[in-house]
$ cat structure_25.txt   # compact mmCIF, C-alpha atoms
# COMPACT_ATOMS: atom_id res chain seq x y z
CA MET A 1 31.10 -26.88 -18.73
CA GLN A 2 34.74 -28.08 -18.50
CA SER A 3 35.05 -31.45 -16.73
CA ILE A 4 37.62 -32.17 -14.03
CA SER A 5 39.35 -35.55 -14.20
CA LEU A 6 39.62 -37.28 -10.82
CA THR A 7 41.36 -40.44 -9.67
CA PHE A 8 38.46 -42.56 -8.47
CA CYS A 9 38.29 -43.72 -4.87
CA GLU A 10 35.57 -44.03 -2.24
CA SER A 11 35.76 -40.34 -1.24
CA LEU A 12 35.93 -38.78 -4.70
CA GLU A 13 33.54 -38.17 -7.61
CA THR A 14 34.24 -39.05 -11.21
CA ASP A 15 32.77 -38.38 -14.68
CA LEU A 16 31.36 -41.32 -16.64
CA ALA A 17 29.95 -41.39 -20.17
CA ASN A 18 27.07 -43.64 -21.29
CA ILE A 19 24.71 -44.19 -24.18
CA ALA A 20 20.90 -43.74 -24.16
CA GLU A 21 18.03 -44.22 -26.56
CA SER A 22 15.18 -42.18 -28.09
CA SER A 23 11.40 -41.92 -27.73
CA GLY A 24 8.62 -40.11 -29.59
CA GLN A 25 6.90 -36.76 -29.11
CA GLY A 26 10.15 -34.83 -28.97
CA TRP A 27 11.49 -36.57 -25.83
CA ALA A 28 14.61 -38.72 -25.82
CA LEU A 29 15.53 -41.42 -23.31
CA ILE A 30 18.94 -40.42 -21.97
CA ALA A 31 19.49 -43.40 -19.64
CA ARG A 32 17.48 -46.41 -18.46
CA TYR A 33 17.36 -47.45 -14.82
CA GLY A 34 19.43 -50.43 -13.72
CA ASP A 35 23.07 -51.51 -13.31
CA HIS A 36 25.39 -50.63 -16.20
CA PRO A 37 29.07 -51.72 -16.32
CA HIS A 38 31.71 -49.08 -17.09
CA PRO A 39 35.46 -49.46 -17.67
CA GLY A 40 36.18 -46.48 -15.39
CA PRO A 41 37.65 -43.02 -16.07
CA PRO A 42 40.74 -42.81 -18.29
CA SER A 43 42.88 -41.57 -15.42
CA ALA A 44 42.16 -44.74 -13.42
CA ALA A 45 40.97 -47.59 -15.64
CA LYS A 46 39.24 -49.56 -12.93
CA PRO A 47 35.99 -51.29 -13.89
CA MET A 48 32.90 -49.92 -12.16
CA LEU A 49 29.18 -50.49 -12.05
CA GLN A 50 26.84 -47.54 -12.57
CA ARG A 51 23.61 -47.99 -10.61
CA PHE A 52 20.85 -45.69 -11.82
CA ALA A 53 17.43 -45.61 -10.11
CA LEU A 54 14.30 -43.43 -10.25
CA THR A 55 15.41 -41.55 -7.11
CA ASP A 56 18.73 -40.71 -8.81
CA ALA A 57 16.89 -39.37 -11.88
CA GLU A 58 14.60 -37.28 -9.70
CA ALA A 59 17.65 -35.81 -7.94
CA LEU A 60 19.26 -34.98 -11.31
CA VAL A 61 16.09 -33.22 -12.49
CA ALA A 62 15.78 -31.32 -9.19
CA ASN A 63 19.40 -30.15 -9.52
CA PHE A 64 18.74 -29.14 -13.14
CA ASN A 65 15.68 -27.06 -12.13
CA ALA A 66 17.04 -25.56 -8.90
CA GLY A 67 18.32 -22.10 -8.03
CA ALA A 68 21.15 -20.70 -10.11
CA ASN A 69 20.79 -23.46 -12.73
CA ARG A 70 17.52 -21.87 -13.87
CA ILE A 71 19.34 -19.01 -15.59
CA ARG A 72 21.67 -21.34 -17.43
CA ARG A 73 18.84 -23.78 -18.21
CA ALA A 74 16.62 -21.05 -19.68
CA VAL A 75 19.14 -20.21 -22.39
CA VAL A 76 21.72 -23.01 -22.47
CA GLY A 77 20.27 -26.13 -20.82
CA VAL A 78 22.40 -29.28 -20.88
CA PRO A 79 24.72 -28.92 -23.92
CA ILE A 80 24.94 -31.62 -26.58
CA TYR A 81 28.46 -32.16 -28.00
CA ASP A 82 30.11 -34.22 -30.70
CA GLY A 83 31.24 -36.92 -28.30
CA HIS A 84 32.76 -35.76 -24.98
CA PRO A 85 35.24 -32.91 -25.52
CA ASP A 86 34.44 -31.65 -21.98
CA ALA A 87 35.49 -34.90 -20.23
CA ASP A 88 39.05 -35.27 -18.94
CA GLY A 89 41.03 -37.65 -21.07
CA PHE A 90 38.77 -37.32 -24.13
CA GLU A 91 39.98 -33.92 -25.42
CA ARG A 92 42.08 -35.38 -28.25
CA ILE A 93 39.47 -37.95 -29.21
CA PHE A 94 36.74 -35.26 -29.42
CA PRO A 95 38.44 -31.94 -30.34
CA ASP A 96 35.21 -30.12 -31.34
CA ILE A 97 34.24 -28.04 -28.29
CA ARG A 98 31.21 -26.37 -29.92
CA PRO A 99 27.76 -27.35 -28.60
CA HIS A 100 25.55 -28.82 -31.34
CA GLY A 101 22.32 -28.70 -29.39
CA THR A 102 20.88 -28.62 -25.90
CA PHE A 103 18.39 -30.23 -23.53
CA ALA A 104 16.06 -27.47 -22.39
CA GLU A 105 13.97 -29.87 -20.27
CA LEU A 106 14.56 -33.03 -18.22
CA ALA A 107 12.06 -35.47 -16.72
CA ALA A 108 12.31 -38.57 -14.50
CA ARG A 109 9.89 -41.21 -15.83
CA ASP A 110 9.09 -44.77 -14.83
CA ASP A 111 11.65 -46.36 -17.14
CA GLY A 112 14.45 -43.78 -17.13
CA LEU A 113 15.73 -40.20 -17.46
CA TYR A 114 14.29 -38.28 -20.45
CA GLY A 115 15.09 -34.94 -22.05
CA ARG A 116 13.77 -32.71 -24.85
CA PRO A 117 16.76 -32.22 -27.21
CA ILE A 118 17.13 -29.29 -29.60
CA LEU A 119 19.76 -29.81 -32.33
CA THR A 120 21.43 -27.23 -34.52
CA SER A 121 21.95 -27.88 -38.22
CA THR A 122 25.46 -29.23 -37.49
CA GLY A 123 24.01 -31.51 -34.83
CA GLY A 124 21.55 -32.85 -37.38
CA ARG A 125 24.39 -33.66 -39.76
CA LEU A 126 26.23 -35.54 -36.99
CA VAL A 127 23.14 -37.71 -36.54
CA GLU A 128 22.96 -38.33 -40.28
CA ASP A 129 26.61 -39.39 -40.19
CA GLY A 130 25.83 -42.12 -37.66
CA LYS A 131 26.35 -40.37 -34.34
CA ASP A 132 22.76 -41.02 -33.42
CA ARG A 133 23.10 -42.21 -29.84
CA LEU A 134 23.12 -40.19 -26.62
CA SER A 135 25.93 -40.59 -24.12
CA PRO A 136 25.40 -38.70 -20.83
CA LEU A 137 28.41 -37.27 -19.03
CA TRP A 138 27.56 -37.05 -15.33
CA GLN A 139 29.27 -36.81 -12.01
CA CYS A 140 29.05 -39.96 -9.89
CA GLU A 141 29.82 -40.81 -6.31
CA PRO A 142 30.56 -44.22 -4.74
CA THR A 143 27.84 -46.01 -2.79
CA GLY A 144 30.35 -48.01 -0.73
CA GLU A 145 29.15 -51.26 -2.30
CA THR A 146 30.90 -53.67 -4.65
CA LEU A 147 29.39 -56.21 -7.01
CA HIS A 148 31.47 -58.89 -8.76
CA GLY A 149 34.58 -56.94 -7.88
CA ARG A 150 33.28 -53.67 -9.31
CA ALA A 151 32.75 -50.52 -7.19
CA VAL A 152 29.11 -49.37 -7.39
CA VAL A 153 28.57 -45.66 -8.13
CA ARG A 154 25.49 -43.45 -8.59
CA PRO A 155 25.07 -40.37 -10.85
CA THR A 156 24.58 -37.07 -8.98
CA ARG A 157 24.67 -34.33 -11.68
CA LEU A 158 24.18 -34.38 -15.45
CA ARG A 159 26.86 -32.18 -17.04
CA SER A 160 26.41 -32.73 -20.78
CA VAL A 161 25.36 -35.27 -23.40
CA GLY A 162 27.48 -36.46 -26.31
CA LEU A 163 26.40 -37.65 -29.76
CA VAL A 164 28.22 -40.94 -30.38
CA SER A 165 27.88 -43.99 -32.59
CA LYS A 166 28.47 -46.49 -29.80
CA GLY A 167 28.67 -46.36 -26.04
CA ASN A 168 28.38 -48.23 -22.76
CA ILE A 169 24.58 -48.51 -22.64
CA PRO A 170 23.27 -50.05 -25.88
CA GLY A 171 19.95 -48.98 -27.33
CA PRO A 172 18.16 -47.93 -30.53
CA SER A 173 19.13 -44.96 -32.66
CA LEU A 174 18.31 -41.45 -31.52
CA LEU A 175 17.28 -40.17 -34.96
CA ASN A 176 17.20 -41.23 -38.56
CA ALA A 177 17.14 -37.69 -40.00
CA ALA A 178 18.83 -34.37 -39.37
CA THR A 179 15.56 -32.56 -38.48
CA ASN A 180 14.83 -30.68 -35.31
CA ILE A 181 13.75 -33.22 -32.69
CA SER A 182 11.33 -31.10 -30.69
CA GLY A 183 9.77 -29.25 -33.61
CA ASP A 184 9.51 -26.19 -31.40
CA ASN A 185 12.75 -24.42 -32.27
CA PRO A 186 14.48 -24.07 -35.67
CA PRO A 187 18.04 -25.31 -36.27
CA GLY A 188 20.55 -22.76 -35.12
CA ASP A 189 18.40 -21.79 -32.14
CA THR A 190 21.49 -22.00 -29.92
CA GLN A 191 22.59 -18.61 -31.25
CA THR A 192 19.15 -17.17 -30.41
CA MET A 193 19.48 -18.56 -26.91
CA LYS A 194 22.93 -17.01 -26.63
CA THR A 195 21.43 -13.66 -27.59
CA LYS A 196 18.76 -14.10 -24.93
CA LEU A 197 21.44 -14.95 -22.39
CA ILE A 198 23.37 -11.78 -23.22
CA GLU A 199 20.14 -9.73 -22.92
CA LEU A 200 19.37 -11.31 -19.56
CA LEU A 201 22.88 -10.59 -18.34
CA GLY A 202 22.41 -6.97 -19.41
CA ILE A 203 19.32 -6.74 -17.21
CA LEU A 204 21.46 -7.97 -14.32
CA GLY A 205 24.09 -5.31 -15.10
CA VAL A 206 26.67 -7.63 -16.70
CA THR A 207 27.92 -6.91 -20.24
CA ALA A 208 28.93 -9.68 -22.65
CA ALA A 209 29.94 -9.31 -26.32
CA PRO A 210 27.79 -11.05 -28.98
CA ASP A 211 30.80 -13.11 -30.10
CA ALA A 212 31.88 -14.12 -26.58
CA ASP A 213 32.94 -17.75 -26.25
CA ASP A 214 31.53 -20.21 -23.70
CA ALA A 215 34.23 -19.51 -21.11
CA VAL A 216 33.56 -15.75 -21.19
CA LEU A 217 29.81 -16.32 -21.10
CA GLY A 218 30.25 -18.70 -18.18
CA ASN A 219 32.11 -16.03 -16.20
CA ALA A 220 29.46 -13.48 -17.17
CA VAL A 221 26.71 -15.81 -15.96
CA ASP A 222 28.54 -16.24 -12.65
CA GLN A 223 28.68 -12.45 -12.30
CA GLY A 224 24.98 -12.22 -13.18
CA LEU A 225 24.11 -14.83 -10.59
CA ALA A 226 26.14 -12.94 -8.00
CA ALA A 227 24.31 -9.73 -8.93
CA ALA A 228 20.95 -11.52 -8.72
CA THR A 229 21.90 -12.96 -5.33
CA LYS A 230 22.89 -9.51 -4.10
CA SER A 231 19.63 -8.06 -5.41
CA LYS A 232 17.74 -10.78 -3.59
CA THR A 233 19.65 -10.00 -0.39
CA ASP A 234 19.03 -6.27 -0.84
CA LEU A 235 15.35 -6.99 -1.42
CA ALA A 236 15.20 -9.09 1.75
CA THR A 237 16.89 -6.27 3.69
CA ALA A 238 14.52 -3.71 2.19
CA THR A 239 11.57 -5.94 3.06
CA THR A 240 12.81 -6.20 6.65
CA ASP A 241 13.28 -2.43 6.82
CA LEU A 242 9.81 -1.90 5.35
CA THR A 243 8.28 -4.24 7.93
CA ALA A 244 10.08 -2.35 10.71
CA ALA A 245 8.92 0.99 9.26
CA GLN A 246 5.34 -0.28 9.08
CA GLY A 247 5.61 -1.32 12.72
CA LYS A 248 6.82 2.16 13.63
CA ILE A 249 3.97 3.70 11.64
CA THR A 250 1.48 1.53 13.53
CA THR A 251 3.05 2.61 16.83
CA LEU A 252 2.97 6.28 15.82
CA GLU A 253 -0.66 5.98 14.72
CA GLY A 254 -1.49 4.54 18.13
CA GLU A 255 0.34 7.39 19.83
CA LYS A 256 -1.47 9.86 17.56
CA THR A 257 -4.82 8.39 18.61
CA THR A 258 -3.78 8.60 22.27
CA LEU A 259 -2.74 12.23 21.83
CA ALA A 260 -6.02 13.02 20.06
CA ASN A 261 -7.96 11.49 22.96
CA THR A 262 -5.82 13.43 25.42
CA ALA A 263 -6.43 16.64 23.48
CA ALA A 264 -10.19 15.99 23.52
CA THR A 265 -10.06 15.38 27.25
CA ALA A 266 -8.03 18.55 27.73
CA ALA A 267 -10.56 20.53 25.70
CA THR A 268 -13.39 19.17 27.86
CA LEU A 269 -11.48 20.04 31.02
CA THR A 270 -10.80 23.53 29.68
CA THR A 271 -14.52 24.04 29.03
CA ASP A 272 -15.40 22.71 32.48
CA LEU A 273 -12.81 25.00 34.04
CA ALA A 274 -14.17 28.01 32.19
CA ASN A 275 -17.71 27.16 33.33
CA ALA A 276 -16.50 26.70 36.90
CA ARG A 277 -14.73 30.06 36.81
CA THR A 278 -17.89 31.73 35.49
CA ALA A 279 -20.00 30.14 38.23
CA LEU A 280 -17.43 31.08 40.87
CA ALA A 281 -17.30 34.68 39.64
CA ALA A 282 -21.12 34.91 39.77
CA GLU A 283 -21.20 33.50 43.28
CA ARG A 284 -18.42 35.82 44.40
CA ARG A 285 -20.25 38.85 43.01
CA GLU A 286 -23.43 37.81 44.79
CA ARG A 287 -21.56 37.56 48.08
CA ALA A 288 -19.78 40.88 47.46
CA THR A 289 -23.13 42.57 46.73
CA LEU A 290 -24.55 41.35 50.05
CA VAL A 291 -21.51 42.63 51.97
CA VAL A 292 -21.56 46.03 50.20
CA ASN A 293 -25.34 46.44 50.75
CA ALA A 294 -24.85 45.76 54.45
CA ALA A 295 -22.14 48.44 54.60
CA TRP A 296 -24.39 50.87 52.76
CA ALA A 297 -27.38 50.11 55.01
CA THR A 298 -25.35 50.83 58.14
CA GLY A 299 -24.04 54.17 56.84
CA ARG A 300 -20.47 52.99 56.21
CA LEU A 301 -20.60 53.42 52.42
CA PRO A 302 -22.32 56.08 50.31
CA ALA A 303 -24.69 54.86 47.62
CA THR A 304 -22.48 56.28 44.87
CA GLU A 305 -19.65 53.94 45.79
CA ARG A 306 -21.63 50.71 45.97
CA GLU A 307 -20.79 49.36 42.48
CA ALA A 308 -17.10 50.26 42.77
CA ALA A 309 -17.01 48.54 46.15
CA VAL A 310 -18.62 45.38 44.69
CA VAL A 311 -15.99 45.26 41.88
CA ALA A 312 -13.12 45.84 44.34
CA LEU A 313 -14.40 43.08 46.62
CA CYS A 314 -14.76 40.67 43.68
CA ASN A 315 -11.13 41.34 42.70
CA ALA A 316 -9.75 41.18 46.24
CA ALA A 317 -7.03 38.60 46.80
CA ASP A 318 -8.44 37.83 50.27
CA PHE A 319 -12.24 38.09 50.17
CA SER A 320 -12.77 37.46 53.88
CA ALA A 321 -10.20 40.05 54.97
CA GLU A 322 -11.59 42.70 52.62
CA SER A 323 -15.18 41.94 53.75
CA ALA A 324 -14.15 42.35 57.39
CA ARG A 325 -12.36 45.61 56.58
CA LEU A 326 -15.48 46.97 54.86
CA ALA A 327 -17.74 45.96 57.78
CA ALA A 328 -15.35 47.64 60.22
CA ARG A 329 -15.40 51.02 58.49
CA PRO A 330 -16.80 53.82 60.66
CA LYS A 331 -20.20 55.25 59.85
CA ILE A 332 -19.93 58.27 57.58
CA LEU A 333 -23.68 58.95 57.28
CA LYS A 334 -26.21 59.90 59.99
CA THR A 335 -28.77 57.16 60.09
CA GLU A 336 -31.82 56.33 62.14
CA SER A 337 -33.51 53.11 63.00
CA ALA A 338 -34.51 51.35 59.88
CA ALA A 339 -37.82 50.51 61.56
CA ASP A 340 -38.47 54.19 62.29
CA ALA A 341 -37.67 55.12 58.71
CA LEU A 342 -39.92 52.40 57.49
CA GLY A 343 -42.73 53.63 59.76
CA ARG A 344 -42.49 57.15 58.42
CA LYS A 345 -42.58 55.94 54.84
CA LEU A 346 -45.55 53.70 55.46
CA GLY A 347 -47.45 56.29 57.51
CA THR A 348 -50.51 54.70 59.07
CA ASP A 349 -49.76 51.34 57.44
CA ALA A 350 -48.04 50.06 60.62
CA PRO A 351 -48.77 46.34 60.03
CA LYS A 352 -46.23 46.28 57.11
CA GLY A 353 -43.53 47.71 59.36
CA GLN A 354 -44.26 44.99 61.86
CA GLN A 355 -44.03 42.34 59.18
CA VAL A 356 -40.64 43.65 58.08
CA LEU A 357 -39.49 43.69 61.63
CA ASP A 358 -40.66 40.11 62.05
CA LEU A 359 -38.60 39.09 59.03
CA VAL A 360 -35.50 40.85 60.41
CA ASN A 361 -35.94 39.31 63.87
CA ALA A 362 -36.39 35.85 62.37
CA ARG A 363 -33.12 36.15 60.39
CA MET A 364 -31.25 37.52 63.41
CA ASP A 365 -32.46 34.52 65.38
CA SER A 366 -31.65 31.89 62.74
CA LYS A 367 -28.38 33.36 61.38
CA LYS A 368 -27.15 35.01 64.60
CA GLU A 369 -26.59 38.27 62.70
CA THR A 370 -26.69 41.88 63.91
CA TYR A 371 -29.77 43.94 63.22
CA GLU A 372 -28.07 45.92 60.44
CA ALA A 373 -26.80 42.80 58.65
CA ALA A 374 -30.12 41.00 58.99
CA TYR A 375 -32.02 44.03 57.73
CA ALA A 376 -29.68 44.38 54.72
CA HIS A 377 -30.36 40.77 53.76
CA VAL A 378 -34.12 41.08 54.27
CA MET A 379 -34.22 44.07 51.93
CA LEU A 380 -33.02 41.77 49.11
CA THR A 381 -35.55 39.02 49.71
CA PRO A 382 -38.63 38.43 47.51
CA GLU A 383 -40.81 38.65 50.64
CA TYR A 384 -39.61 42.18 51.35
CA GLN A 385 -39.99 43.24 47.69
CA ALA A 386 -43.59 41.92 47.62
CA LEU A 387 -44.38 43.60 50.93
CA MET A 388 -43.06 46.98 49.75
CA ALA A 389 -44.59 46.93 46.29
CA PRO A 390 -47.45 49.42 47.11
CA ALA A 391 -45.09 51.84 48.80
CA THR A 392 -43.39 54.72 46.94
CA GLY A 393 -40.06 56.36 47.40
CA ALA A 394 -36.77 55.09 48.81
CA LEU A 395 -36.17 54.09 52.41
CA ARG A 396 -33.28 56.43 52.88

$ encode --input "structure_25.txt" --output "structure tokens"
Amino acid sequence: MQSISLTFCESLETDLANIAESSGQGWALIARYGDHPHPGPPSAAKPMLQRFALTDAEALVANFNAGANRIRRAVVGVPIYDGHPDADGFERIFPDIRPHGTFAELAARDDGLYGRPILTSTGGRLVEDGKDRLSPLWQCEPTGETLHGRAVVRPTRLRSVGLVSKGNIPGPSLLNAATNISGDNPPGDTQTMKTKLIELLGILGVTAAPDADDAVLGNAVDQGLAAATKSKTDLATATTDLTAAQGKITTLEGEKTTLANTAATAATLTTDLANARTALAAERRERATLVVNAAWATGRLPATEREAAVVALCNAADFSAESARLAARPKILKTESAADALGRKLGTDAPKGQQVLDLVNARMDSKKETYEAAYAHVMLTPEYQALMAPATGALR
């Protein structure tokens, strides 16, 4: 990444280069904790004191592992250069802008900041030629303190690491041979990582040529990160919409259940209504039959019209008015006393006639009915039917 040269003051950041030392098992010590003097950036040669603590290393590692840096870290990491061609003021001293390796991992340990370096074949040759020390290029910010006339600054972001023969933080040699430090990746693996980066960008919808330089790839990565951010935003929006849709589905399911319960209730009410109508029709027919029989018994209706009269009375809009009209019809048949007729039919069996008469008189007394109406009702009673069982023939 191209460095920006800044005139150092209390409100600005600057880039400082140091030297670190190595350790075993594929990890290299990039910088020890403590206070390290520095002559200051070339643009403002003012001596400074770099203060590096465990908390600063942890912040650098967190920045390295966070968010958008993950994409760059997965395929590029922290680049390793021949010196510091990416630092302002050092371009002519270190003209080689090609990366000769990378740090794919960083770790904050008890004694300093460590990384797992991967060198290309050219990086290995640089080490063989004596550039076997690590010099971190990081952004620093002032703490507001001074010590022995030097402004105290702290590192905030590790930008790159340079292979140098001598630097500001003395220490042992990084390597004594041009072999791959980690043992996990062969020399030249930077090109493989570049290919992986291009493939990853393709997944994000950004095209980069296989021979694209670092600047072009950097722009492509920025586009890929923007696309990934937009995809994340779209996913969040889709998730919100899905949650809202699920809420609506739950509401609709509740309404569906309510409607189903209402439909079941309506079906029950419909059945009850049908049963009530059937019962009402049966009761109305029974009442109509009584009224029609009374009219027939008093000679106001011929026997052949009884059924038609029952149906008409059942269908009448005003049952009471139609019943009164039927009872008020004039007699059309010559009739005699029902008791006399009964006596003739029974012959000498006069006690039965008396019993019938007793039944009629009892109903007239209890119901306050006329003789004809009371007699018509008695004729339909079980008592009358049992009394008349031995007799033969009709009464009229």

$ closest_residue --input "structure_25.txt" --among "A:Glu105, A:Phe90, A:Gly83, A:Ala317" --to "Gly123 (chain A)" --atoms "only C-alpha atoms"
A:Gly83

$ residues_near_point --input "structure_25.txt" --point "(15.3, -32.6, -21.9)" --cutoff "10 Å" --atoms "only C-alpha atoms" --output "list of chain:residue names"
A:Gly26, A:Trp27, A:Ala28, A:Leu29, A:Ile30, A:Val61, A:Gly77, A:Val78, A:Thr102, A:Phe103, A:Ala104, A:Glu105, A:Leu106, A:Ala107, A:Ala108, A:Leu113, A:Tyr114, A:Gly115, A:Arg116, A:Pro117, A:Ile118, A:Ser182

$ residues_around --input "structure_25.txt" --residues "region 355-358 of chain A" --least-positions-apart "2" --cutoff "8 Å" --atoms "all atoms listed in the file" --output "list in words"
Ala339, Pro351, Lys352, Gly353, Val360, Asn361, Ala362, Val378 and Tyr384 of chain A

$ residues_near_point --input "structure_25.txt" --point "(-15.5, 34.5, 41.6)" --cutoff "12 Å" --atoms "only C-alpha atoms" --output "ChimeraX atom specification"
/A:274-288,310-319

$ closest_residue --input "structure_25.txt" --among "A:Val127, A:Ala238, A:Ile203, A:Glu91" --to "Leu225 (chain A)" --atoms "all atoms listed in the file"
A:Ile203

$ atom_distance --input "structure_25.txt" --atom1 "CA of Thr298 (chain A)" --atom2 "CA of Lys331 (chain A)"
7.0 Å

$ closest_residue --input "structure_25.txt" --among "A:Asp82, A:Glu372, A:Glu199, A:Asp88" --to "Trp296 (chain A)" --atoms "only C-alpha atoms"
A:Glu372

$ atom_distance --input "structure_25.txt" --atom1 "CA of Gly34 (chain A)" --atom2 "CA of Phe94 (chain A)"
27.9 Å

$ residues_around --input "structure_25.txt" --residues "Leu54 (chain A)" --least-positions-apart "6" --cutoff "9 Å" --atoms "all atoms listed in the file" --output "NGL selection string"
:A and (33 or 108-113)

$ decode --input "structure_25.txt" --residues "region 296-315 of chain A" --atoms "N, CA and C atoms" --output "PDB file, in the first residue's frame"
ATOM      1  N   TRP A 296    -114.253 -29.249  10.494  1.00  0.00           N
ATOM      2  CA  TRP A 296    -114.952 -30.405   9.899  1.00  0.00           C
ATOM      3  C   TRP A 296    -116.020 -30.941  10.836  1.00  0.00           C
ATOM      4  N   ALA A 297    -115.742 -30.999  12.129  1.00  0.00           N
ATOM      5  CA  ALA A 297    -116.700 -31.547  13.092  1.00  0.00           C
ATOM      6  C   ALA A 297    -117.936 -30.687  13.216  1.00  0.00           C
ATOM      7  N   THR A 298    -117.800 -29.397  12.958  1.00  0.00           N
ATOM      8  CA  THR A 298    -118.961 -28.492  13.076  1.00  0.00           C
ATOM      9  C   THR A 298    -119.635 -28.270  11.744  1.00  0.00           C
ATOM     10  N   GLY A 299    -119.298 -29.012  10.710  1.00  0.00           N
ATOM     11  CA  GLY A 299    -119.982 -28.936   9.430  1.00  0.00           C
ATOM     12  C   GLY A 299    -119.542 -27.789   8.561  1.00  0.00           C
ATOM     13  N   ARG A 300    -118.400 -27.149   8.878  1.00  0.00           N
ATOM     14  CA  ARG A 300    -117.955 -26.001   8.087  1.00  0.00           C
ATOM     15  C   ARG A 300    -116.979 -26.398   6.995  1.00  0.00           C
ATOM     16  N   LEU A 301    -116.569 -27.665   6.952  1.00  0.00           N
ATOM     17  CA  LEU A 301    -115.574 -28.111   5.983  1.00  0.00           C
ATOM     18  C   LEU A 301    -115.867 -29.557   5.651  1.00  0.00           C
ATOM     19  N   PRO A 302    -116.016 -29.893   4.349  1.00  0.00           N
ATOM     20  CA  PRO A 302    -116.227 -31.287   3.988  1.00  0.00           C
ATOM     21  C   PRO A 302    -114.967 -32.112   4.227  1.00  0.00           C
ATOM     22  N   ALA A 303    -115.143 -33.387   4.429  1.00  0.00           N
ATOM     23  CA  ALA A 303    -114.017 -34.265   4.738  1.00  0.00           C
ATOM     24  C   ALA A 303    -112.993 -34.295   3.614  1.00  0.00           C
ATOM     25  N   THR A 304    -113.447 -34.118   2.388  1.00  0.00           N
ATOM     26  CA  THR A 304    -112.519 -34.195   1.247  1.00  0.00           C
ATOM     27  C   THR A 304    -111.552 -33.020   1.184  1.00  0.00           C
ATOM     28  N   GLU A 305    -111.837 -31.979   1.904  1.00  0.00           N
ATOM     29  CA  GLU A 305    -110.994 -30.784   1.857  1.00  0.00           C
ATOM     30  C   GLU A 305    -110.095 -30.640   3.089  1.00  0.00           C
ATOM     31  N   ARG A 306    -110.140 -31.630   3.969  1.00  0.00           N
ATOM     32  CA  ARG A 306    -109.404 -31.475   5.232  1.00  0.00           C
ATOM     33  C   ARG A 306    -107.888 -31.351   5.012  1.00  0.00           C
ATOM     34  N   GLU A 307    -107.286 -32.224   4.203  1.00  0.00           N
ATOM     35  CA  GLU A 307    -105.834 -32.183   4.015  1.00  0.00           C
ATOM     36  C   GLU A 307    -105.386 -30.891   3.343  1.00  0.00           C
ATOM     37  N   ALA A 308    -106.165 -30.473   2.294  1.00  0.00           N
ATOM     38  CA  ALA A 308    -105.826 -29.225   1.608  1.00  0.00           C
ATOM     39  C   ALA A 308    -105.924 -28.046   2.564  1.00  0.00           C
ATOM     40  N   ALA A 309    -106.919 -28.094   3.471  1.00  0.00           N
ATOM     41  CA  ALA A 309    -107.072 -27.008   4.429  1.00  0.00           C
ATOM     42  C   ALA A 309    -105.920 -26.985   5.424  1.00  0.00           C
ATOM     43  N   VAL A 310    -105.429 -28.186   5.832  1.00  0.00           N
ATOM     44  CA  VAL A 310    -104.277 -28.243   6.749  1.00  0.00           C
ATOM     45  C   VAL A 310    -103.048 -27.621   6.085  1.00  0.00           C
ATOM     46  N   VAL A 311    -102.770 -27.967   4.798  1.00  0.00           N
ATOM     47  CA  VAL A 311    -101.619 -27.440   4.079  1.00  0.00           C
ATOM     48  C   VAL A 311    -101.729 -25.926   3.931  1.00  0.00           C
ATOM     49  N   ALA A 312    -102.931 -25.436   3.570  1.00  0.00           N
ATOM     50  CA  ALA A 312    -103.129 -23.998   3.399  1.00  0.00           C
ATOM     51  C   ALA A 312    -102.900 -23.257   4.705  1.00  0.00           C
ATOM     52  N   LEU A 313    -103.373 -23.845   5.817  1.00  0.00           N
ATOM     53  CA  LEU A 313    -103.191 -23.191   7.114  1.00  0.00           C
ATOM     54  C   LEU A 313    -101.712 -23.193   7.530  1.00  0.00           C
ATOM     55  N   CYS A 314    -100.998 -24.281   7.214  1.00  0.00           N
ATOM     56  CA  CYS A 314     -99.562 -24.329   7.527  1.00  0.00           C
ATOM     57  C   CYS A 314     -98.791 -23.256   6.756  1.00  0.00           C
ATOM     58  N   ASN A 315     -99.213 -22.954   5.539  1.00  0.00           N
ATOM     59  CA  ASN A 315     -98.515 -21.989   4.691  1.00  0.00           C
ATOM     60  C   ASN A 315     -99.019 -20.572   4.848  1.00  0.00           C
TER      61      ASN A 315
END
